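For reference, the structure is listed below as structure tokens.
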Amino acid sequence: MTSLKRSHATITPTTTLSSKTYLRTLKSGKVQKIVRELYLRQDIPCSSQLCTVCLEQQASGYHQKAAPFVLSATPAATKQFPQGHYLIPDTNAFLNGMDLFEAEGAFTDVIVLQTVLEEVKNRSLPLYHRLIALTKNDGKRFYVFFNDFRLETYVQREAGETINDRNDRAIRKATAWYNEHLQQAASARKSVRCPAVVMISDDRDNIRKGKAENVTAFPLRDYVSQLPEADKLLDMIPERSSTRDGKAELFYPEYMSMSAMLTGVKAGTLHQGIFNVSTYNYLEGSVHVPAFDRQLIIQGRENSNRAVSGDVVVVEVLPKDQWKAPSSKVIEEDEVNKNENADNEDESEGIVTEQERRALQEEVKKTHASGLENQPRPTARVVGVIKRNWRQYVGHIDRDSVRGGSKNGQAQQTVFLIPMDKRVPKIRVRTRQAADLLGKRVLVAVDSWGRDSRYPVGHFVRSLGELETKGAETEALLLEWDVQYRPFPKTVLDCLPAEGHDWKVPASKEDPGWRGRRDLRDLIICSIDPPGCVDIDDALHAKKLPNGNFEVGVHIADVSNFVRPNNAMDKEASLRGTTVYLVDKRIDMLPMLLGTDLCSLKPYVERFAFSVIWELDQDANIVSADYTKSVIRSREAFSYQAAQLRIDDDSQQDELTQGMRRLMMLSKKLRGKRMAAGALNLASPEVRVEAESETSDPIDVKTKELLDTNQLVEEFMLLANISVASKINDAFPQTALLRRHAAPPKTNFEELSNQLKVKKGMELRTDSSKALADSLDTCAEPANPFFNTLVRILATRCMMSAEYFCAGTLSYPEFRHYGLASEIYTHFTSPIRRYADLEVHRQLAAAIDYEPLDASLQSRSKLEGVCRNINFRHRNAQQAGRASVEFYVGQALKGRVLEEDGFVMRIFSNGFVVFVPRFGIEGLIRLKDLAGSERDEVDGVFDQAEYKLEFDAVGKGKRTVELFQKVRVKIEDELEGSTGKRKIKLGLV
Amino acid sequence: MPLDTSTYILAHLRLDGRRWNELRRLQAQMSTQAAADGSSYFEMGNTKIICTVAGPQEQKSGGGGRSQQDKAKIEVEVNFAGFSGMDRKKRARSDKRTSEMQHTIASAFESTLLTHLFPHSTITLNLHILSQDGSLLAACLNAATLALVDAGIPMTDYISATTVATTASYADKEEEADPLLDLNGLEEQELPFLTIASSGGEDRVCSLVLETKVHMARLEPMISVGLDGCSQIRGILDGVIRAHGRKVLEGKVG
Ligand SMILES: [Zn+2]
């Protein structure tokens, strides 16, 4: 605490006043003139550790802390600058080469000028944030020099001078100043080595003027080529579109101007939405727009006009005679355009290759023929992109695009990168390392997609390692799903309790840690988790009360006690959003010390907890609920199986087992009530990969089994979440962090319910979750128990995804959780592995007056940001987990040939998709493979109305495959010639 | 779009190049309007104000003046010039924010002016805002002090006022939050801030306005820095008044 009576030494610095005037055009078209004062000063340090002058006159902040100097006294030397050098890049250098600046080992000691920072911010906010992140990275030594506030480097815009020219001049002036300043500093220290100051700019004029002013300047490319590892680094510079021939053919229509698009969207003639590409057909995309119930279909390259899956686009609906049914065919890019050459664009036939045209043509024929059943749906074309959602993509180099002669050479050439994500088109990348990169997982960034290029153009970022190796594939999927997997930085680890693993619940109840905590150490509490679980979030107890009712407690790890709002650890956790579980790896949201020790409700030790304690009557109705911070001592940590055994063992009559039996009894009643209310029992294909413990090589795949104890824990977690949700919503109606699951629109189920009707004569009712739950129960075949699960899997895919939201943003009826059939819901029970739960803990602590609510949890806009991020992270974590299982299942099947039962879950005109429950895999079987054809597509007789496909199988004669049919499939893995990649292949037996 | 306040943390420099504890350039003149009983012109950075004082004069009959028979009533009127803001717009007289400002100014001066010396009378303050760039209320209070002194209305002490913000809202660590003195318009829009006015050497707070959410822990440093700023401004006002007084005296003598 600072004292009120404190006089703050007022330094009256020597500042000179100037002013800056500029015009700003608002979105509304209004022009504003803005006049700003500028206080020019001389106490802005150069931040070089060589300099003593700046160190002496450095001003400190309110907290009397002066920033340490950033730039090294002995910066890296190159051939040209043996004495070491500092870099001053201009705006374009950052805009074009951010990946380079982020590369490890190169580009250290960089001075970011204020002028440049400001321009970068104007041009690209994401790049600005990356640049800011670099300035906070201790190892990179990036320093932001506020040149426009320093008297000596300030530059006034002259009459008639463009802003760009003025800024270039400011950069040159700052460079010159640094040069002189460092020389003075070096001579004052009598140091021999005075680092050179190098300006990086691609502007020839700027370099020329720099030369005249004695400023050392290089274009980015020239500078990089002097560095060691230049080849690798050069690949990371994006191709400038202007370097291509001017006469290039234009493949794509031009985009509309932003204002024309916005006007069109406002007027309703155009529509805005997110572009999604079908995973089965790379030439077909869809856009959901508010004006149409169903998604608009976008077919072909020309119509999708350079939009990449995920971009926010504006579309125009095509005339009715061009409407089409969604594709009934599988089209994969690497199949169709197998032999294209990445280098010569000009010779090609235009935007659509001949093969593609043929594939599409057949599409059209089909839809005209098939008639009634699959009615044509509105189609659209993309007229412009509002926001690109490009990220970095992981993929592998297309072997066929590497020029033969240069497979060993170092010559620069253009190759295709085939992204892992099938919805993303292949990316043209210029590289000198084509030979080295073959057979590797490669990360690239997309730079641009001009009208003159059939494919987007990108540049190499880095190689992750050999294809199919565990390390590379794991990193690849972490990158693909944007999972932050680097070790926790020191700033985060600094937030941990100093006692480390020796931390204990304070013995004395006088300790501040005990304030407001209830002593629940006498309760017979235990935890039930999956086997081998080390981050134990929750523990339970049940006790019989004298009045015949039950006292039931759910005790959750008190993570918020250790993670204080807004410290570095909290920020990191909020960024990560969730722990990500891969088959052989866990990427924690919180450092291990907390997750697996101090917070984890381990047995036999005292731990802080946040407890929800109910009084439940015989029928599991809530009589009262109570929330409190507590101290508990868990008596035992069970696995689901061990708990089940103990409950079933009649010889066990101790209090712990009795408690679990009470919990079991109550949980069954709770579950019954939930099901009666219309909660859905959905299914997703879940398998477990058994790995050898030493090498963690997968040896077998097992489907997950569910025990009653799984459901026991689940029921009480749901109950706790629901109770807490209404408690925090009462306390903070504007900012409570809740979770909802919207009811799916009816149209989502149309396809599935039609399929069930046609094939099985079953009816799927979807008017409410109750109706759906009931009709899902009726979709069963006694002879085929898996059929019901299959329907549930398909129904799950028709659902909306659940999401976190902030209470103030929606009205109460919209809070509803459809799947759980609950009016209100939140996540409270897993704060070790989900950030949402941690925030909810804080809100609940404030709701029971345990501690005041942090400001960040009072701001709705801040919380909405948190919700957006954790929703995104949550989805990605699930996808990454699934992808990891998929990879390991593939590894487990390596070199084996198996026969298994499968079910047909989707039919195309040239193939069908089979689901194999034993391994949880879903695979496409192509007719052309069955026919033994090497090249050409093979079509069968496709009856779309009946979901039936007739075809010739080699050596087996005519065969028919129908939807939902049980088939025997052969599973083997196959090495793909073109990619050198292993793939699971299914075949019909 | 220029940088915003989040860059403060990079080098402890504010958007206009100031440090956390620096005031903007202050300029003031007194007796600028010969026709008024008292007047002043006051600049805090690009916030520019003319203040005129009329009175004490006899209270107009009628109206609701009955309750304040025993002392002078302070009336404040704030006018915004159409060109004062970034957008050229006319403000309604009955604008809520404006009347709140008027009320705040009037009640601040009730505590320092010796109004009981002028029963049945009114002191009218007219504040004309020529240009707005943050710390408007504080600038009004400072301008009014000068004009009231010019009008020769007895007072116990000057009122000096300034604004204080805290950096980069709640997202940052407590230890990293610096209080910022004397805000310009841009800072005011982005940061939580308060206006503080004090009178007398002993840091007597006579007005404190806080309309944004601020973390409790940051309030104390903010007030402490604010009082410090007030006393700096008080020194400047004192200098202006003394210089003006000297000039008046010289004029009289000469
Ligand atoms: Zn220096």
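How things are named: the first chain in the structure tokens is A, the next is B, and so on; residues count from 1 in each chain; ligands count from 1 in the order shown.
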
For this session: Determine, counting only C-alpha atoms, which protein, DNA and RNA residues have an atom within 10 Å of an atom of stretch 670-680 of chain A; residues of the same chain fewer than 5 positions away are not included. Present the result as a ChimeraX atom specification.
Result: /A:619-621,664-665,711-712,714-716,718-719,768-774,776,792,796,817-822

Exercise. Quick one: residues within 10 Å of stretch 205-211 of chain A, only C-alpha atoms counted, chain neighbours fewer than 6 positions away excluded, as a PyMOL selection string?
Worked result: chain A and resi 90+165+168-169+171-173+175-176+199+217-219

For this session: Show which residues sit within 12 Å of B:Leu191, as a ChimeraX atom specification. Count only C-alpha atoms, and ignore same-chain residues fewer than 4 positions away.
Result: /B:4-6,8,14,134,163-171,177-181,183-187,210-215

Would you save the residues from that selection as a PDB file, in the first residue's frame, using C-alpha atoms?
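To be explicit, this is the file written out as result-v1.pdb:
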```
ATOM      1  CA  ASP B   4      -3.103   3.393 -28.279  1.00  0.00           C
ATOM      2  CA  THR B   5      -2.476   3.474 -24.560  1.00  0.00           C
ATOM      3  CA  SER B   6      -1.468  -0.178 -24.430  1.00  0.00           C
ATOM      4  CA  TYR B   8       2.650   2.746 -22.489  1.00  0.00           C
ATOM      5  CA  ARG B  14       2.328   8.250 -23.073  1.00  0.00           C
ATOM      6  CA  GLY B 134      -9.443  15.982 -22.196  1.00  0.00           C
ATOM      7  CA  THR B 163      -7.251  14.403 -13.874  1.00  0.00           C
ATOM      8  CA  VAL B 164      -5.541  11.084 -13.160  1.00  0.00           C
ATOM      9  CA  ALA B 165      -5.923   7.802 -14.978  1.00  0.00           C
ATOM     10  CA  THR B 166      -4.506   4.378 -14.392  1.00  0.00           C
ATOM     11  CA  THR B 167      -2.792   2.582 -17.229  1.00  0.00           C
ATOM     12  CA  ALA B 168      -4.168  -0.194 -19.359  1.00  0.00           C
ATOM     13  CA  SER B 169      -7.180  -1.121 -17.287  1.00  0.00           C
ATOM     14  CA  TYR B 170      -7.490  -4.403 -15.495  1.00  0.00           C
ATOM     15  CA  ALA B 171      -5.533  -6.542 -17.872  1.00  0.00           C
ATOM     16  CA  ALA B 177      -0.189   0.048 -13.333  1.00  0.00           C
ATOM     17  CA  ASP B 178       1.100   3.589 -13.312  1.00  0.00           C
ATOM     18  CA  PRO B 179      -1.169   6.497 -12.493  1.00  0.00           C
ATOM     19  CA  LEU B 180      -1.096   9.077 -15.292  1.00  0.00           C
ATOM     20  CA  LEU B 181      -1.459  12.738 -14.594  1.00  0.00           C
ATOM     21  CA  LEU B 183      -5.069  13.310 -19.478  1.00  0.00           C
ATOM     22  CA  ASN B 184      -5.582  14.335 -23.038  1.00  0.00           C
ATOM     23  CA  GLY B 185      -8.730  13.428 -24.914  1.00  0.00           C
ATOM     24  CA  LEU B 186      -7.479  10.141 -26.277  1.00  0.00           C
ATOM     25  CA  GLU B 187      -6.270   8.856 -22.942  1.00  0.00           C
ATOM     26  CA  LEU B 210     -15.013   9.251 -10.940  1.00  0.00           C
ATOM     27  CA  GLU B 211     -17.317   7.967 -13.636  1.00  0.00           C
ATOM     28  CA  THR B 212     -15.457   4.896 -14.826  1.00  0.00           C
ATOM     29  CA  LYS B 213     -14.759   1.633 -13.064  1.00  0.00           C
ATOM     30  CA  VAL B 214     -11.418   1.561 -11.308  1.00  0.00           C
ATOM     31  CA  HIS B 215      -9.910  -1.179  -9.289  1.00  0.00           C
TER      32      HIS B 215
END
```

Within 6 Å of ligand 1 (only C-alpha atoms and all ligand atoms), residues as a CSV table (one decimal) with C-alpha atoms, in the first residue's frame:
```csv
chain,number,residue,atom,x,y,z
A,45,PRO,CA,17.1,5.7,-23.9
A,46,CYS,CA,18.8,4.0,-26.8
A,51,CYS,CA,25.6,3.1,-23.5
A,53,VAL,CA,24.7,8.2,-20.9
A,54,CYS,CA,21.2,6.9,-21.4
```

Exercise. Which residues in stretch 115-221 of chain B does DSSP call helix (DSSP H, G or I)? List them as a count of residues only.
Worked result: 37

Exercise. Could you name the residues that touch B:Leu117 at 12 Å or less, counting only C-alpha atoms, but leaving out those on the same chain fewer than 3 positions away, as a list of chain:residue names?
Worked result: B:Pro56, B:Gln69, B:Asp70, B:Lys71, B:Ala72, B:Lys73, B:Leu113, B:Leu114, B:His120, B:Ser121, B:Thr122, B:Ile123, B:Ile153, B:Pro154, B:Met155

For this session: Might you pull out every residue within 10 Å of A:Glu475, with only C-alpha atoms counted and same-chain residues fewer than 6 positions away left off, and present them as a VMD selection string?
Result: chain A and resid 394 441 464 to 465 481 483 485

Exercise. Got a sec: who's within 10 Å of A:Cys194, counting only C-alpha atoms, leaving out chain neighbours fewer than 6 positions off, as number ranges by chain?
Worked result: A: 50, 73-75, 83-85, 179, 182-187

Residue selection dump (N, CA, C and O atoms) as a PDB file, in the first residue's frame:
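Wrote it out as again23.pdb, contents follow:
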```pdb
ATOM      1  N   LEU A  50      25.677  -0.913 -24.265  1.00  0.00           N
ATOM      2  CA  LEU A  50      26.963  -0.221 -24.421  1.00  0.00           C
ATOM      3  C   LEU A  50      26.921   1.153 -23.774  1.00  0.00           C
ATOM      4  O   LEU A  50      27.937   1.694 -23.372  1.00  0.00           O
ATOM      5  N   ALA A  73      25.362  -5.656 -25.776  1.00  0.00           N
ATOM      6  CA  ALA A  73      26.586  -4.897 -26.046  1.00  0.00           C
ATOM      7  C   ALA A  73      27.422  -5.594 -27.106  1.00  0.00           C
ATOM      8  O   ALA A  73      28.240  -4.983 -27.774  1.00  0.00           O
ATOM      9  N   THR A  74      27.212  -6.889 -27.257  1.00  0.00           N
ATOM     10  CA  THR A  74      27.954  -7.645 -28.269  1.00  0.00           C
ATOM     11  C   THR A  74      26.970  -8.389 -29.161  1.00  0.00           C
ATOM     12  O   THR A  74      26.800  -9.599 -29.028  1.00  0.00           O
ATOM     13  N   PRO A  75      26.307  -7.663 -30.044  1.00  0.00           N
ATOM     14  CA  PRO A  75      25.318  -8.305 -30.905  1.00  0.00           C
ATOM     15  C   PRO A  75      25.986  -9.230 -31.917  1.00  0.00           C
ATOM     16  O   PRO A  75      27.195  -9.189 -32.111  1.00  0.00           O
ATOM     17  N   GLN A  83      31.958  -6.545 -36.461  1.00  0.00           N
ATOM     18  CA  GLN A  83      31.882  -5.895 -35.145  1.00  0.00           C
ATOM     19  C   GLN A  83      30.504  -6.060 -34.526  1.00  0.00           C
ATOM     20  O   GLN A  83      30.231  -5.563 -33.449  1.00  0.00           O
ATOM     21  N   GLY A  84      29.613  -6.760 -35.196  1.00  0.00           N
ATOM     22  CA  GLY A  84      28.239  -6.915 -34.687  1.00  0.00           C
ATOM     23  C   GLY A  84      27.345  -5.822 -35.225  1.00  0.00           C
ATOM     24  O   GLY A  84      27.822  -4.808 -35.741  1.00  0.00           O
ATOM     25  N   HIS A  85      26.035  -6.045 -35.164  1.00  0.00           N
ATOM     26  CA  HIS A  85      25.142  -5.046 -35.739  1.00  0.00           C
ATOM     27  C   HIS A  85      23.769  -5.062 -35.098  1.00  0.00           C
ATOM     28  O   HIS A  85      23.312  -6.069 -34.581  1.00  0.00           O
ATOM     29  N   ASN A 179      23.487   5.468 -35.070  1.00  0.00           N
ATOM     30  CA  ASN A 179      24.858   5.301 -35.495  1.00  0.00           C
ATOM     31  C   ASN A 179      25.782   6.225 -34.720  1.00  0.00           C
ATOM     32  O   ASN A 179      26.777   5.804 -34.120  1.00  0.00           O
ATOM     33  N   LEU A 182      25.789   5.589 -30.868  1.00  0.00           N
ATOM     34  CA  LEU A 182      26.541   4.407 -30.445  1.00  0.00           C
ATOM     35  C   LEU A 182      28.037   4.654 -30.553  1.00  0.00           C
ATOM     36  O   LEU A 182      28.814   4.176 -29.725  1.00  0.00           O
ATOM     37  N   GLN A 183      28.415   5.384 -31.574  1.00  0.00           N
ATOM     38  CA  GLN A 183      29.844   5.676 -31.709  1.00  0.00           C
ATOM     39  C   GLN A 183      30.324   6.472 -30.507  1.00  0.00           C
ATOM     40  O   GLN A 183      31.384   6.205 -29.939  1.00  0.00           O
ATOM     41  N   GLN A 184      29.504   7.451 -30.101  1.00  0.00           N
ATOM     42  CA  GLN A 184      29.866   8.228 -28.913  1.00  0.00           C
ATOM     43  C   GLN A 184      29.958   7.325 -27.697  1.00  0.00           C
ATOM     44  O   GLN A 184      30.882   7.406 -26.902  1.00  0.00           O
ATOM     45  N   ALA A 185      28.939   6.449 -27.586  1.00  0.00           N
ATOM     46  CA  ALA A 185      28.915   5.554 -26.424  1.00  0.00           C
ATOM     47  C   ALA A 185      30.142   4.658 -26.408  1.00  0.00           C
ATOM     48  O   ALA A 185      30.763   4.444 -25.367  1.00  0.00           O
ATOM     49  N   ALA A 186      30.489   4.156 -27.596  1.00  0.00           N
ATOM     50  CA  ALA A 186      31.629   3.245 -27.676  1.00  0.00           C
ATOM     51  C   ALA A 186      32.917   3.982 -27.350  1.00  0.00           C
ATOM     52  O   ALA A 186      33.777   3.467 -26.629  1.00  0.00           O
ATOM     53  N   SER A 187      33.041   5.183 -27.836  1.00  0.00           N
ATOM     54  CA  SER A 187      34.297   5.890 -27.579  1.00  0.00           C
ATOM     55  C   SER A 187      34.376   6.306 -26.112  1.00  0.00           C
ATOM     56  O   SER A 187      35.449   6.348 -25.532  1.00  0.00           O
TER      57      SER A 187
END
```

Exercise. Could you work out how far atom CA of A:Tyr178 lies from atom CA of A:Gly160, giving the answer in Å with one decimal?
Worked result: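 Going from atom CA of A:Gly160 over to atom CA of A:Tyr178, I get 27.5 Å.
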
Problem set entry | Atomic distance atom CA of B:Leu127 - atom CA of A:Ser18, expressed in Å with one decimal |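 Going from atom CA of B:Leu127 over to atom CA of A:Ser18 covers 27.2 Å.
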
For this session: Within 6 Å of stretch 47-49 of chain B, counting only C-alpha atoms, which residues show up once you throw out same-chain ones fewer than 6 positions away? Write them as number ranges by chain, please.
Result: B: 41, 128-133

Problem set entry | Nearest-residue call for B:Pro119, choices B:Ile241, B:Met30, B:Val225, B:Ile74, using only C-alpha atoms |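 Smallest distance to B:Pro119 is found for B:Ile74.
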
DSSP-assigned strand (DSSP E or B) among stretch 10-238 of chain B, expressed as a short mmCIF file (atom, residue, chain, number, x, y, z; two decimals) with C-alpha atoms, in the first residue's frame:
```
data_model
loop_
_atom_site.label_atom_id
_atom_site.label_comp_id
_atom_site.auth_asym_id
_atom_site.auth_seq_id
_atom_site.Cartn_x
_atom_site.Cartn_y
_atom_site.Cartn_z
CA LEU B 26 -0.46 25.21 -19.06
CA GLN B 27 -1.05 28.75 -20.16
CA ALA B 28 -3.30 31.32 -18.59
CA GLN B 29 -4.22 34.95 -18.80
CA MET B 30 -6.45 37.12 -16.62
CA GLY B 38 -13.80 39.09 -13.98
CA SER B 39 -12.41 36.96 -16.78
CA SER B 40 -9.70 34.54 -17.73
CA TYR B 41 -8.35 32.48 -20.61
CA PHE B 42 -6.97 29.09 -19.76
CA GLU B 43 -5.20 26.38 -21.75
CA MET B 44 -4.32 22.86 -20.64
CA THR B 47 -8.23 22.19 -23.98
CA LYS B 48 -8.97 25.90 -24.20
CA ILE B 49 -11.47 27.84 -22.15
CA ILE B 50 -12.64 31.41 -21.67
CA CYS B 51 -14.29 32.15 -18.36
CA THR B 52 -16.20 35.28 -17.43
CA VAL B 53 -17.71 36.19 -14.08
CA ALA B 54 -20.66 38.48 -13.54
CA GLY B 55 -21.53 39.62 -10.02
CA PRO B 56 -22.00 39.47 -7.24
CA GLN B 57 -25.17 41.15 -8.37
CA GLU B 58 -28.58 41.44 -6.87
CA LYS B 73 -25.95 31.96 -5.10
CA ILE B 74 -23.41 30.58 -7.59
CA GLU B 75 -24.70 29.99 -11.05
CA VAL B 76 -22.58 28.25 -13.65
CA GLU B 77 -23.20 28.05 -17.33
CA VAL B 78 -21.01 25.98 -19.63
CA ASN B 79 -21.16 26.60 -23.38
CA PHE B 80 -19.49 24.46 -25.97
CA LEU B 113 -16.04 31.44 -1.88
CA SER B 121 -27.10 38.11 -4.70
CA THR B 122 -25.89 35.92 -7.49
CA ILE B 123 -22.43 35.17 -8.85
CA THR B 124 -22.61 33.93 -12.43
CA LEU B 125 -19.79 31.99 -14.05
CA ASN B 126 -19.81 31.62 -17.81
CA LEU B 127 -17.45 29.05 -19.22
CA HIS B 128 -16.92 29.01 -22.96
CA ILE B 129 -15.22 25.88 -24.21
CA LEU B 130 -13.21 26.75 -27.31
CA SER B 131 -11.45 23.47 -27.74
CA MET B 155 -12.29 33.26 -1.23
CA ILE B 159 -9.25 25.64 -6.35
CA SER B 160 -6.87 23.77 -8.61
CA ALA B 161 -7.87 20.64 -10.45
CA THR B 162 -6.50 17.92 -12.66
CA THR B 163 -7.25 14.40 -13.87
CA VAL B 164 -5.54 11.08 -13.16
CA ALA B 165 -5.92 7.80 -14.98
CA THR B 166 -4.51 4.38 -14.39
CA PRO B 179 -1.17 6.50 -12.49
CA LEU B 180 -1.10 9.08 -15.29
CA LEU B 181 -1.46 12.74 -14.59
CA PHE B 193 -9.81 8.13 -14.78
CA LEU B 194 -10.92 10.58 -12.14
CA THR B 195 -11.03 14.36 -11.86
CA ILE B 196 -9.76 15.75 -8.61
CA ALA B 197 -9.83 19.32 -7.31
CA SER B 198 -8.18 20.56 -4.17
CA SER B 199 -7.86 23.80 -2.30
CA ARG B 204 -8.08 19.44 0.94
CA VAL B 205 -10.14 17.67 -1.69
CA CYS B 206 -13.09 19.77 -2.69
CA SER B 207 -14.28 17.78 -5.65
CA LEU B 208 -13.67 14.23 -6.81
CA VAL B 209 -15.45 12.84 -9.84
CA LEU B 210 -15.01 9.25 -10.94
#
```
